[in-house]
file entry_17.cif (mmCIF, C-alpha atoms)
data_input
loop_
_atom_site.label_atom_id
_atom_site.label_comp_id
_atom_site.auth_asym_id
_atom_site.auth_seq_id
_atom_site.Cartn_x
_atom_site.Cartn_y
_atom_site.Cartn_z
CA MET A 1 0.00 0.00 0.00
CA SER A 2 1.54 3.28 -1.01
CA ASP A 3 1.74 6.17 1.37
CA ALA A 4 -1.04 8.12 -0.32
CA GLN A 5 -3.47 5.20 -0.16
CA ARG A 6 -3.06 4.79 3.56
CA ASP A 7 -5.93 7.24 3.88
CA PHE A 8 -7.07 10.25 1.90
CA GLU A 9 -3.81 12.17 2.02
CA PRO A 10 -2.55 13.85 -1.14
CA PRO A 11 0.70 12.55 -2.65
CA TYR A 12 3.80 14.72 -2.41
CA LEU A 13 4.19 14.86 -6.18
CA HIS A 14 1.13 16.16 -8.01
CA PRO A 15 2.42 17.72 -11.26
CA ASP A 16 -0.82 19.65 -11.88
CA TYR A 17 0.29 21.69 -8.88
CA ARG A 18 3.55 22.82 -10.42
CA ALA A 19 5.41 23.74 -7.26
CA THR A 20 5.37 20.08 -6.20
CA VAL A 21 7.62 19.07 -9.10
CA ARG A 22 10.85 20.40 -7.55
CA ARG A 23 9.83 20.34 -3.92
CA SER A 24 8.44 16.84 -3.40
CA PRO A 25 10.78 14.18 -2.00
CA GLY A 26 11.66 11.47 -4.50
CA ARG A 27 12.55 8.77 -1.98
CA GLU A 28 10.26 6.62 0.10
CA LEU A 29 9.70 8.05 3.56
CA ILE A 30 11.20 6.03 6.42
CA ARG A 31 8.46 4.19 8.27
CA LEU A 32 8.61 3.98 12.03
CA PRO A 33 7.06 1.47 14.40
CA ALA A 34 3.96 3.06 15.93
CA GLU A 35 5.29 3.26 19.46
CA TRP A 36 8.31 5.32 18.47
CA PHE A 37 9.07 8.97 18.70
CA HIS A 38 6.37 10.46 16.56
CA ASN A 39 3.64 9.35 18.95
CA LEU A 40 5.33 10.73 22.03
CA PRO A 41 3.78 13.84 23.54
CA GLY A 42 4.74 17.17 22.00
CA PRO A 43 5.48 19.60 20.56
CA ALA A 44 4.75 22.07 23.30
CA PHE A 45 3.23 25.02 21.47
CA GLY A 46 2.76 27.04 24.66
CA ARG A 47 5.09 29.76 23.42
CA VAL A 48 2.42 30.83 20.95
CA LYS A 49 0.38 33.35 22.91
CA VAL A 50 -3.40 33.06 22.64
CA ARG A 51 -5.60 35.95 23.75
CA PRO A 52 -9.39 35.78 23.88
CA ASP A 53 -9.85 38.31 21.04
CA ASP A 54 -7.59 36.34 18.75
CA ALA A 55 -10.51 34.12 17.71
CA ASP A 56 -12.59 37.05 16.43
CA LEU A 57 -10.89 38.26 13.26
CA THR A 58 -13.51 40.98 12.79
CA ARG A 59 -12.34 42.78 15.94
CA HIS A 60 -8.64 43.23 15.33
CA HIS A 61 -9.02 46.81 14.09
CA GLU A 62 -11.14 49.83 14.92
CA GLY A 63 -13.76 49.28 12.26
CA GLN A 64 -15.60 46.28 10.90
CA PRO A 65 -14.05 44.50 7.92
CA LEU A 66 -15.94 44.39 4.64
CA GLY A 67 -17.45 41.11 3.55
CA GLU A 68 -19.87 38.45 4.58
CA ARG A 69 -19.49 37.90 8.34
CA ILE A 70 -19.23 34.20 9.22
CA VAL A 71 -18.82 31.97 12.26
CA VAL A 72 -16.64 28.92 11.61
CA SER A 73 -16.81 26.30 14.34
CA GLY A 74 -16.31 22.61 14.83
CA ARG A 75 -14.58 19.94 16.83
CA VAL A 76 -11.07 18.57 16.78
CA VAL A 77 -11.06 14.83 17.45
CA ASP A 78 -8.47 12.06 17.30
CA SER A 79 -8.79 9.01 15.08
CA ASP A 80 -10.89 7.28 17.77
CA GLY A 81 -13.30 10.21 17.78
CA HIS A 82 -12.17 11.45 21.19
CA PRO A 83 -11.95 15.21 21.62
CA VAL A 84 -8.52 16.81 21.36
CA ARG A 85 -8.66 19.24 24.27
CA HIS A 86 -6.83 22.53 24.74
CA THR A 87 -4.87 22.25 21.53
CA LEU A 88 -3.76 25.20 19.44
CA VAL A 89 -5.72 26.02 16.28
CA GLU A 90 -4.35 28.78 14.05
CA VAL A 91 -6.12 30.20 10.99
CA TRP A 92 -5.18 32.64 8.26
CA GLN A 93 -6.94 33.78 5.14
CA ALA A 94 -7.42 36.38 2.40
CA ASN A 95 -9.88 39.21 2.93
CA ALA A 96 -13.30 39.35 1.27
CA ALA A 97 -11.72 40.70 -1.92
CA GLY A 98 -9.29 37.79 -2.17
CA ARG A 99 -6.19 39.66 -0.97
CA TYR A 100 -3.81 38.63 1.81
CA VAL A 101 -2.09 41.26 3.91
CA ASP A 102 1.09 39.28 3.31
CA PRO A 103 3.56 41.52 1.45
CA MET A 104 4.27 38.60 -0.91
CA ASP A 105 0.72 38.84 -2.27
CA ASP A 106 0.64 41.11 -5.33
CA HIS A 107 -2.93 40.40 -6.47
CA PRO A 108 -4.40 43.82 -7.44
CA ALA A 109 -7.43 43.53 -5.17
CA PRO A 110 -7.90 46.00 -2.32
CA LEU A 111 -6.53 45.50 1.15
CA ASP A 112 -9.03 46.10 3.94
CA PRO A 113 -7.67 48.39 6.67
CA ASN A 114 -10.01 46.63 9.10
CA PHE A 115 -8.91 43.09 8.36
CA THR A 116 -5.65 41.24 8.90
CA GLY A 117 -6.91 37.69 8.55
CA ALA A 118 -4.95 35.80 11.20
CA GLY A 119 -6.49 34.18 14.29
CA ARG A 120 -5.87 31.52 16.89
CA CYS A 121 -7.61 29.77 19.73
CA LEU A 122 -7.34 26.74 21.97
CA THR A 123 -9.95 24.01 21.72
CA ASP A 124 -12.14 23.71 24.80
CA GLY A 125 -12.69 20.66 27.01
CA GLU A 126 -14.84 19.06 24.31
CA GLY A 127 -12.35 19.73 21.53
CA ARG A 128 -14.43 22.60 20.14
CA TYR A 129 -13.07 25.67 18.39
CA ARG A 130 -14.86 28.77 17.09
CA PHE A 131 -13.77 31.69 14.92
CA VAL A 132 -15.63 34.79 13.80
CA THR A 133 -14.34 36.18 10.51
CA VAL A 134 -15.44 37.22 7.03
CA LYS A 135 -15.75 34.88 4.09
CA PRO A 136 -12.49 35.04 2.12
CA GLY A 137 -12.61 35.81 -1.59
CA ALA A 138 -11.24 33.66 -4.39
CA TYR A 139 -7.96 34.84 -5.88
CA PRO A 140 -5.85 34.17 -8.95
CA TRP A 141 -2.50 32.40 -8.91
CA ARG A 142 -0.02 31.63 -11.62
CA ASN A 143 -0.03 27.85 -11.54
CA HIS A 144 -1.64 27.58 -14.99
CA LYS A 145 -3.63 29.78 -17.37
CA ASN A 146 -6.55 31.53 -15.63
CA ALA A 147 -5.95 29.67 -12.37
CA TRP A 148 -8.06 30.71 -9.37
CA ARG A 149 -7.99 29.34 -5.87
CA PRO A 150 -11.40 28.57 -4.42
CA ALA A 151 -12.23 30.50 -1.25
CA HIS A 152 -10.50 28.84 1.68
CA ILE A 153 -9.28 29.33 5.22
CA HIS A 154 -5.89 27.90 6.19
CA PHE A 155 -5.84 25.86 9.41
CA SER A 156 -2.89 24.74 11.51
CA VAL A 157 -3.59 22.29 14.36
CA PHE A 158 -1.14 20.65 16.75
CA GLY A 159 -2.85 17.84 18.64
CA PRO A 160 -0.96 15.73 21.16
CA SER A 161 2.02 14.47 19.16
CA LEU A 162 4.23 15.00 16.16
CA ALA A 163 2.05 12.51 14.28
CA SER A 164 -1.07 14.59 14.83
CA ARG A 165 0.40 17.84 13.45
CA LEU A 166 -1.82 19.08 10.62
CA VAL A 167 -1.78 22.05 8.26
CA THR A 168 -4.66 22.12 5.82
CA GLN A 169 -7.32 24.29 4.19
CA MET A 170 -11.07 24.51 4.72
CA TYR A 171 -13.27 25.18 1.69
CA PHE A 172 -16.84 26.44 1.31
CA PRO A 173 -19.71 24.30 0.01
CA GLY A 174 -20.85 24.81 -3.57
CA ASP A 175 -17.76 26.67 -4.76
CA PRO A 176 -17.38 25.90 -8.50
CA LEU A 177 -13.63 26.57 -8.32
CA MET A 178 -13.06 23.49 -6.17
CA ALA A 179 -13.37 21.15 -9.17
CA LEU A 180 -10.68 23.14 -11.00
CA ASP A 181 -8.21 23.51 -8.15
CA PRO A 182 -5.08 21.34 -8.40
CA ILE A 183 -4.38 21.74 -4.69
CA LEU A 184 -7.73 20.35 -3.54
CA GLN A 185 -7.84 17.89 -6.45
CA SER A 186 -4.45 16.50 -5.39
CA ILE A 187 -6.46 14.41 -2.93
CA PRO A 188 -7.27 11.44 -5.14
CA ASP A 189 -10.46 10.30 -3.43
CA GLU A 190 -13.60 12.42 -3.49
CA ARG A 191 -14.39 11.34 0.07
CA GLY A 192 -11.10 12.86 1.15
CA ARG A 193 -11.79 16.11 -0.68
CA ASN A 194 -15.22 16.30 0.92
CA LEU A 195 -13.55 16.18 4.35
CA LEU A 196 -12.14 19.63 3.63
CA VAL A 197 -15.47 21.24 2.76
CA ALA A 198 -17.39 22.98 5.54
CA THR A 199 -21.15 22.64 5.91
CA PHE A 200 -23.46 25.62 6.01
CA ASP A 201 -25.19 25.39 9.39
CA LEU A 202 -28.32 27.28 10.32
CA ALA A 203 -27.96 26.19 13.95
CA THR A 204 -24.73 28.17 14.37
CA THR A 205 -25.90 31.02 12.14
CA GLU A 206 -26.48 34.05 14.33
CA PRO A 207 -29.70 35.88 13.42
CA GLU A 208 -29.12 39.33 11.95
CA TRP A 209 -25.38 38.88 12.42
CA ALA A 210 -23.37 36.08 10.79
CA LEU A 211 -23.67 32.91 8.71
CA GLY A 212 -22.58 29.69 10.40
CA TYR A 213 -20.26 27.10 8.90
CA ARG A 214 -19.30 23.88 10.62
CA TRP A 215 -16.12 22.01 10.00
CA ASP A 216 -14.77 19.12 12.09
CA ILE A 217 -11.13 18.07 12.05
CA THR A 218 -9.85 14.56 12.68
CA LEU A 219 -6.20 14.31 13.64
CA ARG A 220 -4.01 11.32 13.01
CA GLY A 221 -3.24 9.10 15.95
CA ARG A 222 -4.79 8.65 19.34
CA ASN A 223 -5.09 11.24 22.01
CA ALA A 224 -3.55 9.11 24.71
CA THR A 225 -1.38 6.40 23.28
CA PRO A 226 -1.24 3.55 25.78
CA ARG A 227 2.35 2.50 26.32
CA GLU A 228 3.07 -1.21 26.27
CA PRO A 229 3.72 -2.47 29.81
CA MET S 1 -10.50 9.20 8.58
CA PRO S 2 -7.86 11.83 9.34
CA THR S 3 -8.53 15.20 7.74
CA PRO S 4 -6.23 15.39 4.70
CA SER S 5 -3.35 17.82 4.57
CA GLN S 6 -3.02 20.79 2.21
CA THR S 7 -0.07 23.05 1.53
CA VAL S 8 0.72 25.90 3.91
CA GLY S 9 0.88 28.07 0.76
CA PRO S 10 3.06 31.14 0.29
CA PHE S 11 1.14 33.62 2.46
CA PHE S 12 1.53 32.41 6.05
CA GLY S 13 4.23 34.91 6.98
CA PHE S 14 1.84 37.35 8.65
CA ALA S 15 0.11 34.65 10.67
CA LEU S 16 2.32 31.82 11.89
CA PRO S 17 5.70 33.26 12.89
CA PHE S 18 5.69 34.66 16.43
CA GLU S 19 8.11 36.88 18.29
CA ASP S 20 11.43 35.19 19.00
CA GLY S 21 9.91 31.98 17.65
CA HIS S 22 13.30 30.74 16.56
CA ASP S 23 14.76 31.12 20.05
CA ALA S 24 13.67 27.86 21.63
CA ALA S 25 16.22 28.29 24.43
CA SER S 26 18.64 30.83 25.82
CA GLY S 27 21.58 30.95 28.20
CA GLN S 28 25.10 29.56 28.26
CA ALA S 29 24.25 26.11 26.97
CA ALA S 30 22.26 27.43 24.00
CA ILE S 31 23.61 26.69 20.55
CA ARG S 32 22.73 28.18 17.21
CA ILE S 33 21.51 25.94 14.43
CA GLU S 34 21.41 27.27 10.93
CA GLY S 35 20.47 25.73 7.63
CA GLN S 36 19.07 26.26 4.21
CA VAL S 37 16.06 24.64 2.60
CA LEU S 38 16.82 23.63 -0.99
CA ASP S 39 14.64 22.17 -3.75
CA GLY S 40 15.45 19.48 -6.31
CA SER S 41 17.26 21.97 -8.55
CA GLY S 42 19.37 23.24 -5.68
CA GLU S 43 17.32 26.46 -5.60
CA THR S 44 16.73 28.00 -2.21
CA VAL S 45 13.22 27.81 -0.75
CA PRO S 46 12.46 31.30 0.57
CA ASP S 47 8.90 30.53 1.66
CA ALA S 48 9.24 27.53 3.95
CA LEU S 49 8.26 27.26 7.59
CA VAL S 50 10.45 25.07 9.79
CA GLU S 51 9.28 23.93 13.21
CA LEU S 52 11.59 22.42 15.76
CA TRP S 53 10.97 20.49 18.90
CA GLY S 54 13.28 18.64 21.18
CA GLY S 55 12.81 17.95 24.85
CA GLN S 56 10.34 20.63 25.91
CA GLN S 57 11.66 23.11 23.37
CA PHE S 58 9.53 24.40 20.54
CA GLY S 59 10.62 26.79 17.83
CA ARG S 60 9.26 28.09 14.59
CA CYS S 61 11.20 29.90 11.86
CA ARG S 62 10.26 31.09 8.43
CA THR S 63 13.07 30.86 5.89
CA ASP S 64 14.44 34.17 4.61
CA SER S 65 14.99 35.26 1.01
CA GLU S 66 18.01 32.94 0.85
CA GLY S 67 16.06 29.96 2.19
CA VAL S 68 17.89 30.21 5.52
CA PHE S 69 16.34 29.27 8.86
CA HIS S 70 17.94 29.35 12.28
CA PHE S 71 17.17 28.29 15.83
CA THR S 72 18.69 28.69 19.24
CA VAL S 73 18.35 25.48 21.25
CA VAL S 74 19.83 23.44 24.03
CA LYS S 75 20.89 19.94 23.10
CA PRO S 76 18.24 17.57 24.52
CA ALA S 77 19.35 14.83 26.86
CA ALA S 78 20.04 11.36 25.52
CA GLY S 79 17.46 8.69 26.25
CA GLU S 80 17.02 5.39 24.48
CA GLU S 81 17.83 7.41 21.41
CA ALA S 82 20.77 9.71 20.74
CA PRO S 83 20.17 13.41 21.38
CA HIS S 84 18.33 14.88 18.43
CA LEU S 85 15.87 17.55 17.36
CA ASP S 86 12.72 16.87 15.40
CA LEU S 87 12.09 19.22 12.51
CA THR S 88 8.97 19.62 10.41
CA ILE S 89 8.99 21.49 7.12
CA PHE S 90 6.01 23.23 5.53
CA ALA S 91 6.09 25.08 2.20
CA ARG S 92 4.27 26.05 -0.92
CA GLY S 93 4.57 22.95 -3.09
CA LEU S 94 4.48 20.59 -0.11
CA LEU S 95 0.96 19.18 -0.05
CA ARG S 96 1.92 17.46 3.20
CA HIS S 97 4.60 18.61 5.58
CA LEU S 98 7.84 16.70 5.95
CA ALA S 99 9.41 15.41 9.15
CA THR S 100 13.09 14.86 9.72
CA ARG S 101 15.52 14.88 12.65
CA MET S 102 18.83 16.50 13.29
CA TYR S 103 21.55 14.60 15.18
CA PHE S 104 24.61 16.05 16.86
CA PRO S 105 28.03 15.29 15.37
CA ASP S 106 29.77 15.16 18.76
CA GLU S 107 27.63 12.21 19.91
CA GLU S 108 29.38 9.49 17.96
CA ALA S 109 28.78 6.68 20.45
CA ALA S 110 25.11 7.52 20.99
CA ASN S 111 24.55 8.00 17.27
CA ALA S 112 26.12 4.63 16.51
CA SER S 113 23.54 2.87 18.67
CA ASP S 114 20.54 5.04 17.82
CA PRO S 115 17.63 2.78 16.83
CA ILE S 116 16.20 5.24 14.30
CA LEU S 117 19.50 5.86 12.52
CA LYS S 118 19.85 2.09 12.26
CA LEU S 119 16.70 1.97 10.13
CA ILE S 120 18.36 4.13 7.50
CA ASP S 121 20.68 3.14 4.69
CA PRO S 122 24.16 4.10 6.00
CA ALA S 123 24.82 6.12 2.84
CA ARG S 124 21.91 8.42 3.68
CA ARG S 125 22.42 8.73 7.45
CA GLN S 126 24.77 11.68 7.06
CA THR S 127 21.85 13.79 5.76
CA LEU S 128 20.60 13.80 9.39
CA MET S 129 23.91 14.85 10.89
CA ALA S 130 24.56 18.51 11.63
CA ILE S 131 27.94 19.90 10.56
CA PRO S 132 29.94 22.12 12.95
CA GLU S 133 30.80 25.48 11.39
CA GLY S 134 32.57 27.60 13.97
CA GLU S 135 30.04 28.32 16.72
CA VAL S 136 27.13 27.17 14.58
CA LEU S 137 25.72 23.76 13.76
CA ARG S 138 24.73 23.65 10.13
CA PHE S 139 21.81 21.52 9.00
CA ASP S 140 20.62 21.89 5.42
CA ILE S 141 17.36 20.36 4.28
CA ARG S 142 17.28 19.07 0.71
CA LEU S 143 13.73 18.35 -0.36
CA GLN S 144 14.68 16.32 -3.42
CA GLY S 145 17.61 15.09 -5.44
CA GLU S 146 20.74 13.03 -5.02
CA SER S 147 21.49 14.09 -1.46
CA GLU S 148 17.81 14.34 -0.45
CA THR S 149 17.38 14.58 3.30
CA VAL S 150 15.91 11.51 4.98
CA PHE S 151 12.26 12.15 5.84
CA PHE S 152 10.02 10.06 8.10
CA ALA S 153 6.43 8.95 7.65
CA VAL S 154 4.84 10.23 10.83
#
call {"tool": "encode", "arguments": {"input": "entry_17.cif", "output": "structure tokens"}}
result
Amino acid sequence: MSDAQRDFEPPYLHPDYRATVRRSPGRELIRLPAEWFHNLPGPAFGRVKVRPDDADLTRHHEGQPLGERIVVSGRVVDSDGHPVRHTLVEVWQANAAGRYVDPMDDHPAPLDPNFTGAGRCLTDGEGRYRFVTVKPGAYPWRNHKNAWRPAHIHFSVFGPSLASRLVTQMYFPGDPLMALDPILQSIPDERGRNLLVATFDLATTEPEWALGYRWDITLRGRNATPREP
Amino acid sequence: MPTPSQTVGPFFGFALPFEDGHDAASGQAAIRIEGQVLDGSGETVPDALVELWGGQQFGRCRTDSEGVFHFTVVKPAAGEEAPHLDLTIFARGLLRHLATRMYFPDEEAANASDPILKLIDPARRQTLMAIPEGEVLRFDIRLQGESETVFFAV
């Protein structure tokens, strides 16, 4: 069974996404017995400071950002479905016009003086996270002719071990750009791609305020790996 | 099923690095580790994020325009394994992150009996060994090519 078939992970080399051609490893990764280092506790991310306002990306400036206000929430669980408690979740995204504040982004769409687009929080005792933000816009990139990234929010999650470390992207339901996106389509199985698409959720939609999207995250490995006696 | 990975992309620089993130330790025993991330053509990778952990130390460093990252760390204690640091690499073009480890060149005896190093073809083990350069330990990460760094499936 190849590495990519182990679950729904993308391969390292996916030539449709051009940057993988020179950056993907060519050799087989070294496999480790399950009880070895990668399942030991860590890394300790405690140096990353988390303040309560960090989870509300609409309140990082004096005014309100432009765009469709949304609440993105969900649960982080391990592969047994147990909640991953008090773990760091970081998000970053483009603004509603499809522009990142990152100086590397030269897309000629407007910056929003009231939006930076970076947030973080710790999951609660049930593994839940919640962010308030605006829906990011699609934006062009130069991977191929007329290439556009579907709207997405980047997520970084730690979990209990090196094996659980995850950086990924959350997409929005019904976006026609998803079918054309080599980054999302690098995941060979549709079921895997669907795991990255949030669900519109009326229950977490706040009346007269913000649309709700739900997105759950399952980390690799078990929360508490029992050590062999 | 685990949520699949996606690339960190090129635009994380305003979000993930944090103040003094590369200084995982300080004081007399702290050592500086420096390296370059290189692609399969030998080009530098100026938009990678490298995370380090070893013992209780955690560090995070974005590569600069020359693909260079650096950390200040204390060498972790030896256990069943030789002292080492775990490094994870994220970048545009990496649909999943990579995991490797850096070993210390002055730990010859411990390295010789390290159970993880023993899993690796001896010809490739040296890609995990830092190289002393004056006061600095140098550890380059080659994503691809003849001297590709050993990466682990984690």
call {"tool": "closest_residue", "arguments": {"input": "entry_17.cif", "among": "A:Lys145, A:Arg69, A:His107, A:Lys135", "to": "chain S", "atoms": "only C-alpha atoms"}}
result
A:His107
call {"tool": "closest_residue", "arguments": {"input": "entry_17.cif", "among": "S:Pro83, S:Ser26, S:Leu16, S:Leu117", "to": "A:Glu90", "atoms": "all atoms listed in the file"}}
result
S:Leu16
call {"tool": "atom_distance", "arguments": {"input": "entry_17.cif", "atom1": "atom CA of S:Ala82", "atom2": "atom CA of S:Ala30"}}
result
18.1 Å
call {"tool": "closest_residue", "arguments": {"input": "entry_17.cif", "among": "S:Glu148, S:Asp39, S:Asp86, S:Glu34", "to": "S:Leu52", "atoms": "all atoms listed in the file"}}
result
S:Asp86
call {"tool": "atom_distance", "arguments": {"input": "entry_17.cif", "atom1": "atom CA of A:Val71", "atom2": "atom CA of S:Gly21"}}
result
29.2 Å
call {"tool": "residues_around", "arguments": {"input": "entry_17.cif", "residues": "stretch 64-66 of chain S", "least_positions_apart": "4", "cutoff": "10 Å", "atoms": "only C-alpha atoms", "output": "PDB file with C-alpha atoms, in the coordinates of the input"}}
result
ATOM      1  CA  GLN S  36      19.070  26.260   4.210  1.00  0.00           C
ATOM      2  CA  VAL S  37      16.060  24.640   2.600  1.00  0.00           C
ATOM      3  CA  LEU S  38      16.820  23.630  -0.990  1.00  0.00           C
ATOM      4  CA  GLU S  43      17.320  26.460  -5.600  1.00  0.00           C
ATOM      5  CA  THR S  44      16.730  28.000  -2.210  1.00  0.00           C
ATOM      6  CA  VAL S  45      13.220  27.810  -0.750  1.00  0.00           C
ATOM      7  CA  PRO S  46      12.460  31.300   0.570  1.00  0.00           C
ATOM      8  CA  ASP S  47       8.900  30.530   1.660  1.00  0.00           C
ATOM      9  CA  ALA S  48       9.240  27.530   3.950  1.00  0.00           C
ATOM     10  CA  LEU S  49       8.260  27.260   7.590  1.00  0.00           C
ATOM     11  CA  HIS S  70      17.940  29.350  12.280  1.00  0.00           C
TER      12      HIS S  70
END
call {"tool": "closest_atom_pairs", "arguments": {"input": "entry_17.cif", "of": "chain S", "to": "chain A", "cutoff": "8 Å", "atoms": "all atoms listed in the file", "output": "tab-separated table"}}
result
residue	atom	partner	partner_atom	distance
S:Met1	CA	A:Ser79	CA	6.7
S:Pro2	CA	A:Thr218	CA	4.8
S:Thr3	CA	A:Thr218	CA	5.2
S:Pro4	CA	A:Glu9	CA	4.8
S:Ser5	CA	A:Thr168	CA	4.7
S:Gln6	CA	A:Thr168	CA	4.2
S:Thr7	CA	A:Thr168	CA	6.4
S:Val8	CA	A:Val167	CA	6.3
S:Pro10	CA	A:Met104	CA	7.7
S:Phe11	CA	A:Asp102	CA	5.7
S:Phe12	CA	A:Trp92	CA	7.1
S:Gly13	CA	A:Asp102	CA	6.5
S:Phe14	CA	A:Asp102	CA	5.7
S:Ala15	CA	A:Ala118	CA	5.2
S:Leu16	CA	A:Glu90	CA	7.6
S:Phe18	CA	A:Val48	CA	6.8
S:Gly21	CA	A:Arg47	CA	7.8
S:Asp39	CA	A:Arg23	CA	5.1
S:Gly40	CA	A:Arg22	CA	4.9
S:Ser41	CA	A:Arg22	CA	6.7
S:Trp53	CA	A:Pro43	CA	5.8
S:Gly54	CA	A:Pro43	CA	7.9
S:Gln56	CA	A:Ala44	CA	6.3
S:Gln57	CA	A:Ala44	CA	7.0
S:Phe58	CA	A:Ala44	CA	6.0
S:Arg92	CA	A:Ala19	CA	6.8
S:Gly93	CA	A:Thr20	CA	4.3
S:Leu94	CA	A:Thr20	CA	6.2
S:Leu95	CA	A:Tyr12	CA	5.8
S:Arg96	CA	A:Tyr12	CA	6.5
S:His97	CA	A:Val167	CA	7.7
S:Leu119	CA	A:Ile30	CA	7.8
S:Ile120	CA	A:Ile30	CA	7.5
S:Leu143	CA	A:Pro25	CA	5.4
S:Gln144	CA	A:Pro25	CA	4.7
S:Gly145	CA	A:Gly26	CA	7.0
S:Glu148	CA	A:Pro25	CA	7.2
S:Val150	CA	A:Leu29	CA	7.2
S:Phe151	CA	A:Leu29	CA	5.3
S:Phe152	CA	A:Ile30	CA	4.5
S:Ala153	CA	A:Arg31	CA	5.2
S:Val154	CA	A:Ala163	CA	5.0
call {"tool": "resolve_selection", "arguments": {"input": "entry_17.cif", "expression": "the PyMOL selection byres ((chain S and resi 103) around 7)", "output": "list in words"}}
result
Pro83, His84, Leu85, Arg101, Met102, Phe104, Pro105, Leu128, Met129 and Ala130 of chain S
call {"tool": "atom_distance", "arguments": {"input": "entry_17.cif", "atom1": "atom CA of A:Leu177", "atom2": "atom CA of A:Asn146"}}
result
11.3 Å
call {"tool": "resolve_selection", "arguments": {"input": "entry_17.cif", "expression": "the PyMOL selection byres ((chain A and resi 62) around 12)", "output": "PDB file with C-alpha atoms, in the frame of the given file"}}
result
ATOM      1  CA  LEU A  57     -10.890  38.260  13.260  1.00  0.00           C
ATOM      2  CA  THR A  58     -13.510  40.980  12.790  1.00  0.00           C
ATOM      3  CA  ARG A  59     -12.340  42.780  15.940  1.00  0.00           C
ATOM      4  CA  HIS A  60      -8.640  43.230  15.330  1.00  0.00           C
ATOM      5  CA  HIS A  61      -9.020  46.810  14.090  1.00  0.00           C
ATOM      6  CA  GLY A  63     -13.760  49.280  12.260  1.00  0.00           C
ATOM      7  CA  GLN A  64     -15.600  46.280  10.900  1.00  0.00           C
ATOM      8  CA  PRO A  65     -14.050  44.500   7.920  1.00  0.00           C
ATOM      9  CA  ASP A 112      -9.030  46.100   3.940  1.00  0.00           C
ATOM     10  CA  PRO A 113      -7.670  48.390   6.670  1.00  0.00           C
ATOM     11  CA  ASN A 114     -10.010  46.630   9.100  1.00  0.00           C
ATOM     12  CA  PHE A 115      -8.910  43.090   8.360  1.00  0.00           C
ATOM     13  CA  THR A 116      -5.650  41.240   8.900  1.00  0.00           C
TER      14      THR A 116
END
